[in-house]
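**Q** Enclosed is the structure file model.cif (mmCIF, C-alpha atoms).
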```
data_work
loop_
_atom_site.label_atom_id
_atom_site.label_comp_id
_atom_site.auth_asym_id
_atom_site.auth_seq_id
_atom_site.Cartn_x
_atom_site.Cartn_y
_atom_site.Cartn_z
CA MET A 1 -116.02 -94.98 73.32
CA PRO A 2 -114.93 -97.10 76.32
CA ARG A 3 -111.29 -97.30 77.15
CA SER A 4 -109.92 -100.07 79.32
CA SER A 5 -106.55 -98.68 80.30
CA GLY A 6 -106.81 -94.94 80.84
CA PRO A 7 -105.94 -92.17 78.41
CA ARG A 8 -103.49 -93.28 75.74
CA GLY A 9 -102.77 -92.64 72.08
CA ALA A 10 -105.08 -90.71 69.77
CA TYR A 11 -108.23 -91.20 71.84
CA ALA A 12 -106.55 -89.77 74.91
CA LYS A 13 -106.53 -86.41 73.20
CA THR A 14 -110.21 -86.44 72.35
CA PRO A 15 -111.70 -84.78 75.46
CA LYS A 16 -108.90 -82.23 75.56
CA ARG A 17 -109.23 -81.50 71.85
CA ARG A 18 -112.99 -81.13 72.13
CA GLU A 19 -112.47 -78.72 75.00
CA GLU A 20 -109.93 -76.71 72.97
CA ILE A 21 -112.28 -76.53 70.01
CA LEU A 22 -115.18 -75.46 72.26
CA ASP A 23 -113.01 -72.72 73.79
CA ALA A 24 -111.90 -71.50 70.37
CA ALA A 25 -115.45 -71.60 69.01
CA PHE A 26 -116.72 -69.73 72.04
CA GLY A 27 -114.18 -66.95 71.40
CA VAL A 28 -114.97 -66.72 67.69
CA PHE A 29 -118.77 -66.80 68.17
CA ALA A 30 -118.53 -64.17 70.93
CA ARG A 31 -116.45 -61.95 68.66
CA TYR A 32 -118.36 -62.26 65.38
CA GLY A 33 -121.74 -63.77 66.20
CA TYR A 34 -122.66 -67.14 64.77
CA LEU A 35 -123.63 -66.12 61.25
CA ASN A 36 -120.36 -64.33 60.64
CA SER A 37 -118.08 -67.00 62.14
CA SER A 38 -116.28 -69.60 60.04
CA MET A 39 -115.08 -73.07 60.87
CA SER A 40 -111.68 -72.14 59.39
CA GLU A 41 -111.31 -69.23 61.84
CA ILE A 42 -112.25 -71.56 64.69
CA ALA A 43 -109.73 -74.17 63.51
CA LYS A 44 -107.06 -71.47 63.25
CA ARG A 45 -107.71 -70.23 66.76
CA ALA A 46 -107.67 -73.80 68.11
CA GLY A 47 -104.33 -74.38 66.34
CA MET A 48 -105.84 -77.28 64.37
CA THR A 49 -106.61 -78.18 60.79
CA MET A 50 -110.16 -77.98 59.44
CA PRO A 51 -110.46 -81.81 59.20
CA GLY A 52 -109.21 -81.97 62.79
CA VAL A 53 -112.15 -79.79 63.85
CA THR A 54 -114.79 -81.39 61.62
CA HIS A 55 -113.75 -84.82 62.93
CA HIS A 56 -115.16 -83.74 66.31
CA PHE A 57 -117.84 -81.34 65.09
CA PRO A 58 -118.96 -81.96 61.51
CA THR A 59 -121.05 -78.76 61.28
CA LYS A 60 -120.87 -75.21 62.61
CA ALA A 61 -124.44 -75.59 63.89
CA GLY A 62 -123.49 -78.70 65.89
CA LEU A 63 -120.49 -76.88 67.30
CA LEU A 64 -122.66 -73.96 68.36
CA GLU A 65 -125.05 -76.30 70.13
CA ALA A 66 -122.19 -77.97 71.98
CA VAL A 67 -120.84 -74.58 73.10
CA LEU A 68 -124.23 -73.50 74.42
CA GLU A 69 -125.05 -76.79 76.14
CA HIS A 70 -121.66 -76.83 77.82
CA ARG A 71 -122.58 -73.57 79.61
CA ASP A 72 -126.17 -74.51 80.37
CA LEU A 73 -125.35 -77.77 82.12
CA ASP A 74 -123.35 -75.79 84.59
CA ALA A 75 -126.27 -73.43 85.36
CA ALA A 76 -128.73 -76.33 85.72
CA GLY A 77 -126.44 -77.96 88.27
CA HIS A 78 -126.41 -74.78 90.34
CA LEU A 79 -130.23 -74.81 90.66
CA ASP A 80 -130.61 -78.51 91.25
CA GLY A 81 -132.82 -79.36 94.24
CA ARG A 82 -133.63 -75.73 95.10
CA ARG A 83 -137.15 -74.31 95.46
CA GLY A 84 -139.10 -71.11 96.13
CA VAL A 85 -137.18 -68.08 97.31
CA ASP A 86 -134.00 -70.15 97.48
CA LEU A 87 -134.40 -71.05 93.79
CA LEU A 88 -134.77 -67.34 92.98
CA ARG A 89 -131.56 -66.70 94.92
CA GLY A 90 -129.87 -69.34 92.75
CA VAL A 91 -131.08 -67.59 89.58
CA LEU A 92 -129.61 -64.32 90.84
CA GLU A 93 -126.33 -66.05 91.73
CA ILE A 94 -126.05 -67.33 88.16
CA ALA A 95 -126.72 -63.81 86.82
CA ALA A 96 -124.05 -62.40 89.13
CA ARG A 97 -121.55 -64.99 87.99
CA ASP A 98 -122.32 -64.58 84.27
CA GLU A 99 -121.94 -60.83 84.64
CA ARG A 100 -118.25 -61.22 85.38
CA ASP A 101 -117.75 -62.92 82.01
CA ARG A 102 -118.12 -60.29 79.30
CA GLY A 103 -117.45 -62.76 76.48
CA LEU A 104 -120.22 -65.06 77.65
CA THR A 105 -122.66 -62.19 78.11
CA GLN A 106 -121.87 -60.92 74.64
CA LEU A 107 -122.14 -64.37 73.07
CA PHE A 108 -125.60 -64.94 74.50
CA ALA A 109 -126.75 -61.40 73.72
CA ILE A 110 -125.70 -61.62 70.07
CA LEU A 111 -126.80 -65.21 69.47
CA SER A 112 -130.16 -64.89 71.20
CA ALA A 113 -130.93 -61.85 69.03
CA GLU A 114 -129.63 -63.36 65.75
CA ALA A 115 -131.54 -66.56 66.45
CA THR A 116 -134.93 -64.81 66.63
CA ILE A 117 -134.89 -65.38 62.85
CA ASP A 118 -136.93 -68.56 62.39
CA ASP A 119 -134.43 -70.48 60.27
CA HIS A 120 -131.34 -69.66 62.34
CA PRO A 121 -129.74 -72.96 63.44
CA ALA A 122 -129.97 -71.94 67.10
CA HIS A 123 -133.60 -70.76 66.91
CA GLY A 124 -135.01 -73.94 68.44
CA TYR A 125 -132.31 -73.97 71.08
CA PHE A 126 -133.08 -70.43 72.27
CA GLU A 127 -136.83 -71.00 72.10
CA GLU A 128 -136.46 -73.99 74.42
CA ARG A 129 -133.91 -72.16 76.55
CA TYR A 130 -136.30 -69.26 77.15
CA GLU A 131 -139.16 -71.63 77.93
CA LEU A 132 -136.90 -73.43 80.39
CA ILE A 133 -135.48 -70.34 82.09
CA VAL A 134 -138.80 -68.48 82.34
CA GLY A 135 -140.43 -71.75 83.47
CA THR A 136 -137.83 -72.28 86.20
CA VAL A 137 -138.18 -68.73 87.51
CA ARG A 138 -141.98 -69.08 87.37
CA ARG A 139 -141.74 -72.22 89.50
CA GLY A 140 -139.65 -70.23 91.99
CA PHE A 141 -142.36 -67.56 92.20
CA LEU A 142 -145.18 -70.12 92.42
CA GLU A 143 -143.44 -71.90 95.28
CA ALA A 144 -142.71 -68.55 96.94
CA GLU A 145 -146.44 -67.84 96.69
CA GLU A 146 -147.28 -71.21 98.29
CA ASP A 147 -144.83 -70.40 101.06
CA GLY A 148 -146.52 -67.03 101.65
CA ALA A 149 -143.37 -65.19 100.55
CA LEU A 150 -144.82 -63.37 97.52
CA ARG A 151 -146.50 -59.97 97.84
CA PRO A 152 -150.24 -60.04 97.24
CA GLY A 153 -151.23 -59.11 93.69
CA VAL A 154 -147.99 -60.32 92.12
CA ILE A 155 -148.66 -62.84 89.33
CA PRO A 156 -145.92 -65.53 89.28
CA ALA A 157 -145.96 -66.03 85.49
CA GLU A 158 -145.66 -62.29 84.88
CA ALA A 159 -143.00 -61.75 87.54
CA ALA A 160 -140.98 -64.57 85.94
CA GLN A 161 -141.08 -62.98 82.49
CA MET A 162 -140.18 -59.61 83.98
CA CYS A 163 -137.27 -61.01 85.98
CA VAL A 164 -135.71 -62.76 82.97
CA ALA A 165 -136.36 -59.77 80.67
CA LEU A 166 -134.78 -57.39 83.17
CA SER A 167 -131.69 -59.52 83.42
CA ASP A 168 -131.33 -59.75 79.60
CA GLY A 169 -131.92 -56.04 79.07
CA LEU A 170 -129.49 -55.02 81.81
CA GLN A 171 -126.80 -57.22 80.29
CA LEU A 172 -127.18 -55.34 77.03
CA GLN A 173 -126.93 -51.97 78.81
CA ARG A 174 -123.85 -53.17 80.61
CA LEU A 175 -122.20 -54.07 77.29
CA TYR A 176 -122.71 -50.40 76.34
CA GLY A 177 -121.39 -49.16 79.67
CA ILE A 178 -124.75 -47.71 80.76
CA GLY A 179 -125.29 -47.08 84.47
CA GLN A 180 -123.09 -47.25 87.51
CA VAL A 181 -124.40 -50.29 89.36
CA ARG A 182 -123.85 -53.95 88.61
CA GLN A 183 -126.75 -55.37 86.68
CA HIS A 184 -127.64 -58.23 89.02
CA GLU A 185 -128.14 -55.66 91.79
CA LEU A 186 -131.04 -54.17 89.84
CA THR A 187 -132.46 -57.64 89.24
CA ARG A 188 -132.25 -58.10 93.01
CA THR A 189 -134.05 -54.77 93.51
CA PHE A 190 -136.86 -56.15 91.33
CA LEU A 191 -137.00 -59.47 93.21
CA ASP A 192 -137.06 -57.63 96.55
CA SER A 193 -139.93 -55.46 95.28
CA VAL A 194 -142.16 -58.51 94.68
CA LEU A 195 -141.14 -60.58 97.73
CA ILE A 196 -142.37 -59.91 101.25
CA GLU A 197 -138.92 -60.32 102.80
CA PRO A 198 -135.71 -59.17 101.04
CA LEU A 199 -133.92 -61.95 99.16
CA TYR A 200 -130.87 -61.53 101.41
CA ALA A 201 -130.89 -60.34 105.00
CA ALA A 202 -127.80 -58.27 104.18
CA GLY A 203 -125.43 -58.06 101.22
CA ALA A 204 -125.87 -59.89 97.93
CA PRO A 205 -124.14 -62.59 95.92
CA ASP A 206 -120.84 -61.47 94.50
CA MET B 1 -129.62 -29.22 46.92
CA PRO B 2 -132.16 -26.36 46.48
CA ARG B 3 -134.76 -26.60 43.77
CA SER B 4 -136.59 -23.53 42.52
CA SER B 5 -139.51 -25.06 40.69
CA GLY B 6 -140.80 -28.10 42.57
CA PRO B 7 -140.08 -31.76 41.85
CA ARG B 8 -139.01 -32.34 38.28
CA GLY B 9 -136.61 -34.58 36.36
CA ALA B 10 -133.99 -36.71 38.08
CA TYR B 11 -133.97 -34.82 41.36
CA ALA B 12 -137.70 -35.23 41.72
CA LYS B 13 -137.11 -38.92 42.29
CA THR B 14 -134.51 -38.39 44.99
CA PRO B 15 -136.70 -38.34 48.13
CA LYS B 16 -138.80 -41.23 46.85
CA ARG B 17 -135.73 -43.23 45.86
CA ARG B 18 -134.10 -42.60 49.24
CA GLU B 19 -137.30 -43.76 50.91
CA GLU B 20 -137.37 -46.92 48.76
CA ILE B 21 -133.74 -47.67 49.57
CA LEU B 22 -134.36 -47.11 53.29
CA ASP B 23 -137.36 -49.48 53.17
CA ALA B 24 -135.36 -52.15 51.32
CA ALA B 25 -132.39 -51.75 53.68
CA PHE B 26 -134.68 -51.98 56.68
CA GLY B 27 -136.07 -55.29 55.38
CA VAL B 28 -132.65 -56.74 54.62
CA PHE B 29 -131.08 -55.62 57.93
CA ALA B 30 -134.07 -56.97 59.86
CA ARG B 31 -133.73 -60.30 58.08
CA TYR B 32 -129.97 -60.84 58.20
CA GLY B 33 -128.59 -58.39 60.76
CA TYR B 34 -126.18 -55.71 59.64
CA LEU B 35 -122.98 -57.74 59.40
CA ASN B 36 -124.56 -60.32 57.14
CA SER B 37 -126.38 -57.89 54.84
CA SER B 38 -124.97 -56.79 51.50
CA MET B 39 -125.49 -53.63 49.49
CA SER B 40 -126.20 -55.81 46.45
CA GLU B 41 -129.07 -57.56 48.27
CA ILE B 42 -130.45 -54.17 49.30
CA ALA B 43 -130.18 -52.87 45.71
CA LYS B 44 -131.91 -56.00 44.45
CA ARG B 45 -134.77 -55.61 46.90
CA ALA B 46 -135.14 -51.92 46.03
CA GLY B 47 -135.22 -52.85 42.32
CA MET B 48 -132.18 -50.68 41.65
CA THR B 49 -128.59 -51.08 40.51
CA MET B 50 -125.71 -50.95 42.97
CA PRO B 51 -124.50 -47.56 41.63
CA GLY B 52 -128.07 -46.31 41.99
CA VAL B 53 -127.96 -47.18 45.69
CA THR B 54 -124.41 -45.98 46.35
CA HIS B 55 -125.24 -42.67 44.69
CA HIS B 56 -127.58 -42.01 47.64
CA PHE B 57 -125.73 -43.99 50.30
CA PRO B 58 -122.04 -44.53 49.53
CA THR B 59 -121.50 -47.00 52.41
CA LYS B 60 -123.50 -49.71 54.15
CA ALA B 61 -122.66 -48.07 57.51
CA GLY B 62 -124.11 -44.76 56.32
CA LEU B 63 -127.21 -46.53 55.10
CA LEU B 64 -127.64 -48.24 58.46
CA GLU B 65 -127.34 -44.93 60.28
CA ALA B 66 -129.98 -43.38 58.00
CA VAL B 67 -132.37 -46.30 58.65
CA LEU B 68 -131.97 -45.98 62.41
CA GLU B 69 -132.23 -42.19 62.54
CA HIS B 70 -135.33 -42.28 60.39
CA ARG B 71 -137.08 -44.32 63.12
CA ASP B 72 -135.67 -42.39 66.06
CA LEU B 73 -136.78 -38.95 64.84
CA ASP B 74 -140.29 -40.23 64.95
CA ALA B 75 -139.99 -41.40 68.58
CA ALA B 76 -138.36 -38.13 69.67
CA GLY B 77 -141.28 -36.20 68.16
CA HIS B 78 -143.73 -38.28 70.20
CA LEU B 79 -142.04 -37.27 73.49
CA ASP B 80 -141.50 -33.63 72.61
CA GLY B 81 -142.64 -31.22 75.34
CA ARG B 82 -143.77 -33.96 77.76
CA ARG B 83 -142.60 -34.30 81.36
CA GLY B 84 -142.89 -36.47 84.49
CA VAL B 85 -145.53 -39.17 84.53
CA ASP B 86 -146.83 -37.99 81.16
CA LEU B 87 -143.36 -38.49 79.65
CA LEU B 88 -143.33 -42.05 81.05
CA ARG B 89 -146.73 -42.59 79.41
CA GLY B 90 -145.20 -41.44 76.13
CA VAL B 91 -142.35 -43.95 76.50
CA LEU B 92 -144.89 -46.72 77.06
CA GLU B 93 -146.91 -45.58 74.03
CA ILE B 94 -143.81 -45.88 71.85
CA ALA B 95 -143.13 -49.38 73.22
CA ALA B 96 -146.73 -50.36 72.49
CA ARG B 97 -146.50 -49.05 68.95
CA ASP B 98 -143.11 -50.67 68.22
CA GLU B 99 -144.44 -53.96 69.52
CA ARG B 100 -146.86 -54.20 66.61
CA ASP B 101 -143.94 -54.07 64.16
CA ARG B 102 -142.10 -57.36 64.37
CA GLY B 103 -139.55 -56.37 61.72
CA LEU B 104 -138.60 -53.24 63.62
CA THR B 105 -138.38 -55.09 66.93
CA GLN B 106 -136.19 -57.72 65.33
CA LEU B 107 -133.97 -55.17 63.60
CA PHE B 108 -133.26 -53.34 66.85
CA ALA B 109 -132.83 -56.56 68.82
CA ILE B 110 -130.28 -57.99 66.38
CA LEU B 111 -128.42 -54.76 65.69
CA SER B 112 -128.22 -53.62 69.29
CA ALA B 113 -126.70 -57.01 70.21
CA GLU B 114 -124.31 -57.18 67.22
CA ALA B 115 -123.18 -53.62 67.87
CA THR B 116 -122.00 -54.37 71.42
CA ILE B 117 -118.75 -55.31 69.63
CA ASP B 118 -116.61 -52.18 69.94
CA ASP B 119 -115.70 -51.83 66.28
CA HIS B 120 -119.18 -52.45 64.85
CA PRO B 121 -120.16 -49.44 62.72
CA ALA B 122 -123.32 -48.92 64.78
CA HIS B 123 -121.58 -49.23 68.17
CA GLY B 124 -121.39 -45.47 68.73
CA TYR B 125 -124.96 -45.03 67.56
CA PHE B 126 -126.35 -47.58 70.04
CA GLU B 127 -124.17 -46.31 72.87
CA GLU B 128 -125.59 -42.81 72.34
CA ARG B 129 -129.08 -44.20 71.81
CA TYR B 130 -129.01 -46.03 75.14
CA GLU B 131 -127.65 -42.97 76.94
CA LEU B 132 -130.44 -40.92 75.36
CA ILE B 133 -133.27 -43.36 76.07
CA VAL B 134 -132.21 -44.19 79.63
CA GLY B 135 -131.58 -40.45 80.18
CA THR B 136 -135.04 -39.52 78.94
CA VAL B 137 -136.76 -42.11 81.13
CA ARG B 138 -134.61 -41.01 84.08
CA ARG B 139 -135.78 -37.42 83.54
CA GLY B 140 -139.37 -38.72 83.58
CA PHE B 141 -138.77 -40.43 86.93
CA LEU B 142 -136.92 -37.42 88.40
CA GLU B 143 -139.78 -35.11 87.42
CA ALA B 144 -142.29 -37.63 88.77
CA GLU B 145 -140.33 -37.53 92.04
CA GLU B 146 -140.46 -33.70 92.10
CA ASP B 147 -144.20 -33.93 91.50
CA GLY B 148 -144.57 -36.33 94.42
CA ALA B 149 -145.70 -39.12 92.07
CA LEU B 150 -142.86 -41.58 92.75
CA ARG B 151 -143.03 -44.12 95.55
CA PRO B 152 -140.60 -43.45 98.40
CA GLY B 153 -137.37 -45.41 98.14
CA VAL B 154 -137.45 -45.66 94.34
CA ILE B 155 -134.22 -44.33 92.80
CA PRO B 156 -134.97 -42.56 89.48
CA ALA B 157 -131.70 -43.55 87.77
CA GLU B 158 -132.20 -47.22 88.70
CA ALA B 159 -135.88 -47.27 87.79
CA ALA B 160 -134.95 -45.82 84.37
CA GLN B 161 -132.40 -48.54 83.68
CA MET B 162 -134.87 -51.18 84.83
CA CYS B 163 -137.70 -49.83 82.69
CA VAL B 164 -135.60 -49.77 79.50
CA ALA B 165 -134.05 -53.18 80.24
CA LEU B 166 -137.45 -54.70 80.88
CA SER B 167 -138.76 -53.41 77.58
CA ASP B 168 -135.73 -54.74 75.65
CA GLY B 169 -135.83 -58.12 77.34
CA LEU B 170 -139.57 -58.55 76.83
CA GLN B 171 -139.18 -57.77 73.13
CA LEU B 172 -136.71 -60.61 72.85
CA GLN B 173 -139.08 -63.01 74.66
CA ARG B 174 -141.86 -61.93 72.36
CA LEU B 175 -139.75 -62.79 69.30
CA TYR B 176 -139.52 -66.31 70.75
CA GLY B 177 -143.25 -66.44 71.49
CA ILE B 178 -142.76 -66.58 75.27
CA GLY B 179 -145.70 -65.60 77.48
CA GLN B 180 -149.30 -64.76 76.84
CA VAL B 181 -149.49 -61.04 77.50
CA ARG B 182 -148.32 -58.20 75.35
CA GLN B 183 -144.92 -56.98 76.43
CA HIS B 184 -145.76 -53.33 77.01
CA GLU B 185 -148.37 -54.45 79.54
CA LEU B 186 -145.61 -55.87 81.71
CA THR B 187 -143.60 -52.67 81.33
CA ARG B 188 -146.74 -50.87 82.51
CA THR B 189 -146.97 -53.25 85.48
CA PHE B 190 -143.43 -52.22 86.40
CA LEU B 191 -144.17 -48.49 86.01
CA ASP B 192 -147.31 -48.85 88.12
CA SER B 193 -145.29 -50.61 90.81
CA VAL B 194 -142.97 -47.63 91.26
CA LEU B 195 -145.55 -44.83 90.86
CA ILE B 196 -148.01 -43.81 93.57
CA GLU B 197 -150.96 -43.63 91.18
CA PRO B 198 -151.39 -46.05 88.26
CA LEU B 199 -150.12 -44.69 84.93
CA TYR B 200 -153.64 -44.91 83.48
CA ALA B 201 -156.89 -44.58 85.41
CA ALA B 202 -158.24 -47.47 83.32
CA GLY B 203 -157.05 -49.31 80.21
CA ALA B 204 -153.70 -48.82 78.55
CA PRO B 205 -152.31 -47.59 75.25
CA ASP B 206 -153.05 -49.90 72.41
#
```
Starting from the coordinates I provided, produce the structure as structure tokens.

**A**
Amino acid sequence: MPRSSGPRGAYAKTPKRREEILDAAFGVFARYGYLNSSMSEIAKRAGMTMPGVTHHFPTKAGLLEAVLEHRDLDAAGHLDGRRGVDLLRGVLEIAARDERDRGLTQLFAILSAEATIDDHPAHGYFEERYELIVGTVRRGFLEAEEDGALRPGVIPAEAAQMCVALSDGLQLQRLYGIGQVRQHELTRTFLDSVLIEPLYAAGAPD
Amino acid sequence: MPRSSGPRGAYAKTPKRREEILDAAFGVFARYGYLNSSMSEIAKRAGMTMPGVTHHFPTKAGLLEAVLEHRDLDAAGHLDGRRGVDLLRGVLEIAARDERDRGLTQLFAILSAEATIDDHPAHGYFEERYELIVGTVRRGFLEAEEDGALRPGVIPAEAAQMCVALSDGLQLQRLYGIGQVRQHELTRTFLDSVLIEPLYAAGAPD
């Protein structure tokens, strides 16, 4: 909806309201999972009425999609224009950043598991998301191979699945307080084990 | 409750009934997750009344625990008395077997994610389960190290976390139909990468 004279009146509040609803929904989904969350709880946490929320997001499924896409756009931007080993570094940087956000980790862990059920409203989203993430990491490994940076015998498609699986599984362990080290450090250990040169000359992303 | 003269009357049905309830509960939990499952749905699927179910399992949390323990006992038996590389083979065999059971995979994927929430009734169970599984695999790697079977530089505690995480993450990918190969084959690829000799001279567990 174009506005000619800057934020004013009811429309001025729209982006801010949407943001508030997305934040509230994120908190509720992360706490209860999608299936167990209600629009009324989300409205309550956003300090709004139900019609106020449904005006922006008519359905819970649409709201979930908006929450997820909001986070993904950010990750895609971080990898934009990167290739090969540098792309793999970017993937690890995202994992390191996500790790600091327990709510986000928990939201994705719970939703991605719930949504394995075929008729879950986020099933298609997660299916595409996994294709995209595994595909991006695979491209990183393929380009690393072209660049002579991949150890002989390592199969890019398999290494990509393993890298993403490792990251997911370590997140789950972390939510249960298993292990001493930060999870992205073990993902880095894996990446270093399949690359000829270590991913970082010294240190790691924080 | 001791019986002196073999199965007879009402008590005779008890083990069978318990088994039927556990099967029904397994199906319902695998379909809806724990939080979204109801005792009435479980009773319906078992072809019993609610009081019939609650007679055996007074609470949904108790029923969940029974379902999970039922499966775990079986896995523990498979590893009994094994050590080192042979123990790691046993872990892979269990992963290969579980992989054929989509319902089981889905149940554990959904519940283990849901139960990351601190006050979920299965939180303590999964926390202990992860400690136990990662601990068992760590013992396998430590013994492999003692036996001179582990590659230099591999840290048993880290390899254990990575192995379990990989298996969990690959299960999730499999539920979304990602990748061509069977997931335990990639877990085997990982194990082979940290052991001096391949886990199997030829072939793999089916």

**Q** Mind listing as a PyMOL selection string all residues within 8 Å of (-114.8, -76.0, 69.3), counting all atoms listed in the file?

**A** chain A and resi 18-26+42-43+46+53+57+63+67

**Q** Just want the 10 Å neighbourhood of Gln171 in chain A, counted on all atoms listed in the file, with same-chain residues fewer than 6 positions away dropped. Output as a list in words.

**A**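 Within the cut-off, the hits are Ala95, Asp98, Glu99, Arg102, Thr105, Gln106, Phe108, Ala109, Ala165, Gly177, Ile178, Arg182, Gln183 and His184 of chain A; Ala165 and Gly169 of chain B.
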
**Q** Name the residues that the PyMOL selection byres ((chain B) within 6 of (chain A)) pulls out of this structure, and write them as a PyMOL selection string.

**A** chain B and resi 109-110+113-114+116+127+165-166+168-170+175-176

**Q** With the file shown as input, list the residues that the PyMOL selection byres ((chain B and resi 150-153) around 9) selects, as a ChimeraX atom specification.

**A** /B:85,141-149,154-156,193-197

**Q** At what distance in Å, to one decimal, does CA of Asp72 in chain A lie from CA of Thr59 in chain A?

**A**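 Between these atoms lies a distance of 20.2 Å.
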
**Q** Quick one: residues within 12 Å of Ile94 in chain B, all atoms listed in the file counted, chain neighbours fewer than 6 positions away excluded, as number ranges by chain?

**A** B: 71-72, 74-79, 87-88, 100-101, 105, 133, 164, 167, 184, 187, 205-206

**Q** For those residues, write C-alpha atoms to a file as a short mmCIF file (atom, residue, chain, number, x, y, z; two decimals), in the coordinates of the input.

**A**
```
data_model
loop_
_atom_site.label_atom_id
_atom_site.label_comp_id
_atom_site.auth_asym_id
_atom_site.auth_seq_id
_atom_site.Cartn_x
_atom_site.Cartn_y
_atom_site.Cartn_z
CA ARG B 71 -137.08 -44.32 63.12
CA ASP B 72 -135.67 -42.39 66.06
CA ASP B 74 -140.29 -40.23 64.95
CA ALA B 75 -139.99 -41.40 68.58
CA ALA B 76 -138.36 -38.13 69.67
CA GLY B 77 -141.28 -36.20 68.16
CA HIS B 78 -143.73 -38.28 70.20
CA LEU B 79 -142.04 -37.27 73.49
CA LEU B 87 -143.36 -38.49 79.65
CA LEU B 88 -143.33 -42.05 81.05
CA ARG B 100 -146.86 -54.20 66.61
CA ASP B 101 -143.94 -54.07 64.16
CA THR B 105 -138.38 -55.09 66.93
CA ILE B 133 -133.27 -43.36 76.07
CA VAL B 164 -135.60 -49.77 79.50
CA SER B 167 -138.76 -53.41 77.58
CA HIS B 184 -145.76 -53.33 77.01
CA THR B 187 -143.60 -52.67 81.33
CA PRO B 205 -152.31 -47.59 75.25
CA ASP B 206 -153.05 -49.90 72.41
#
```

**Q** Just give me the gap between CA of Thr54 in chain A and CA of Phe29 in chain A in Å, one decimal is fine.

**A**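 It comes out at 16.5 Å.
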
**Q** What gap, in Å, lies between CA of Ser37 in chain A and CA of Pro58 in chain A?

**A** 15.0 Å

**Q** Nearest to Thr49 in chain B: which of B:Arg17, B:Leu92, B:Val28, B:Glu69 is it, counting all atoms listed in the file?

**A**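 Among the listed residues, B:Arg17 lies closest to Thr49 in chain B.
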
**Q** Would you mind putting N, CA and C atoms back on range 163-174 of chain B and writing the result as a PDB file, in the frame of the given file?

**A**
```pdb
ATOM      1  N   CYS B 163    -136.591 -49.969  83.621  1.00  0.00           N
ATOM      2  CA  CYS B 163    -137.700 -49.830  82.690  1.00  0.00           C
ATOM      3  C   CYS B 163    -137.248 -50.134  81.257  1.00  0.00           C
ATOM      4  N   VAL B 164    -136.106 -49.569  80.862  1.00  0.00           N
ATOM      5  CA  VAL B 164    -135.600 -49.770  79.500  1.00  0.00           C
ATOM      6  C   VAL B 164    -135.164 -51.227  79.312  1.00  0.00           C
ATOM      7  N   ALA B 165    -134.507 -51.793  80.318  1.00  0.00           N
ATOM      8  CA  ALA B 165    -134.050 -53.180  80.240  1.00  0.00           C
ATOM      9  C   ALA B 165    -135.235 -54.133  80.112  1.00  0.00           C
ATOM     10  N   LEU B 166    -136.249 -53.876  80.891  1.00  0.00           N
ATOM     11  CA  LEU B 166    -137.450 -54.700  80.880  1.00  0.00           C
ATOM     12  C   LEU B 166    -138.065 -54.714  79.480  1.00  0.00           C
ATOM     13  N   SER B 167    -138.171 -53.540  78.902  1.00  0.00           N
ATOM     14  CA  SER B 167    -138.760 -53.410  77.580  1.00  0.00           C
ATOM     15  C   SER B 167    -137.934 -54.169  76.527  1.00  0.00           C
ATOM     16  N   ASP B 168    -136.612 -54.018  76.581  1.00  0.00           N
ATOM     17  CA  ASP B 168    -135.730 -54.740  75.650  1.00  0.00           C
ATOM     18  C   ASP B 168    -135.857 -56.252  75.823  1.00  0.00           C
ATOM     19  N   GLY B 169    -135.805 -56.693  77.062  1.00  0.00           N
ATOM     20  CA  GLY B 169    -135.830 -58.120  77.340  1.00  0.00           C
ATOM     21  C   GLY B 169    -137.167 -58.756  76.956  1.00  0.00           C
ATOM     22  N   LEU B 170    -138.242 -58.027  77.171  1.00  0.00           N
ATOM     23  CA  LEU B 170    -139.570 -58.550  76.830  1.00  0.00           C
ATOM     24  C   LEU B 170    -139.731 -58.641  75.310  1.00  0.00           C
ATOM     25  N   GLN B 171    -139.130 -57.705  74.595  1.00  0.00           N
ATOM     26  CA  GLN B 171    -139.180 -57.770  73.130  1.00  0.00           C
ATOM     27  C   GLN B 171    -138.545 -59.067  72.634  1.00  0.00           C
ATOM     28  N   LEU B 172    -137.416 -59.391  73.244  1.00  0.00           N
ATOM     29  CA  LEU B 172    -136.710 -60.610  72.850  1.00  0.00           C
ATOM     30  C   LEU B 172    -137.589 -61.840  73.131  1.00  0.00           C
ATOM     31  N   GLN B 173    -138.187 -61.881  74.314  1.00  0.00           N
ATOM     32  CA  GLN B 173    -139.080 -63.010  74.660  1.00  0.00           C
ATOM     33  C   GLN B 173    -140.219 -63.111  73.660  1.00  0.00           C
ATOM     34  N   ARG B 174    -140.737 -61.948  73.284  1.00  0.00           N
ATOM     35  CA  ARG B 174    -141.860 -61.930  72.360  1.00  0.00           C
ATOM     36  C   ARG B 174    -141.468 -62.537  71.006  1.00  0.00           C
TER      37      ARG B 174
END
```
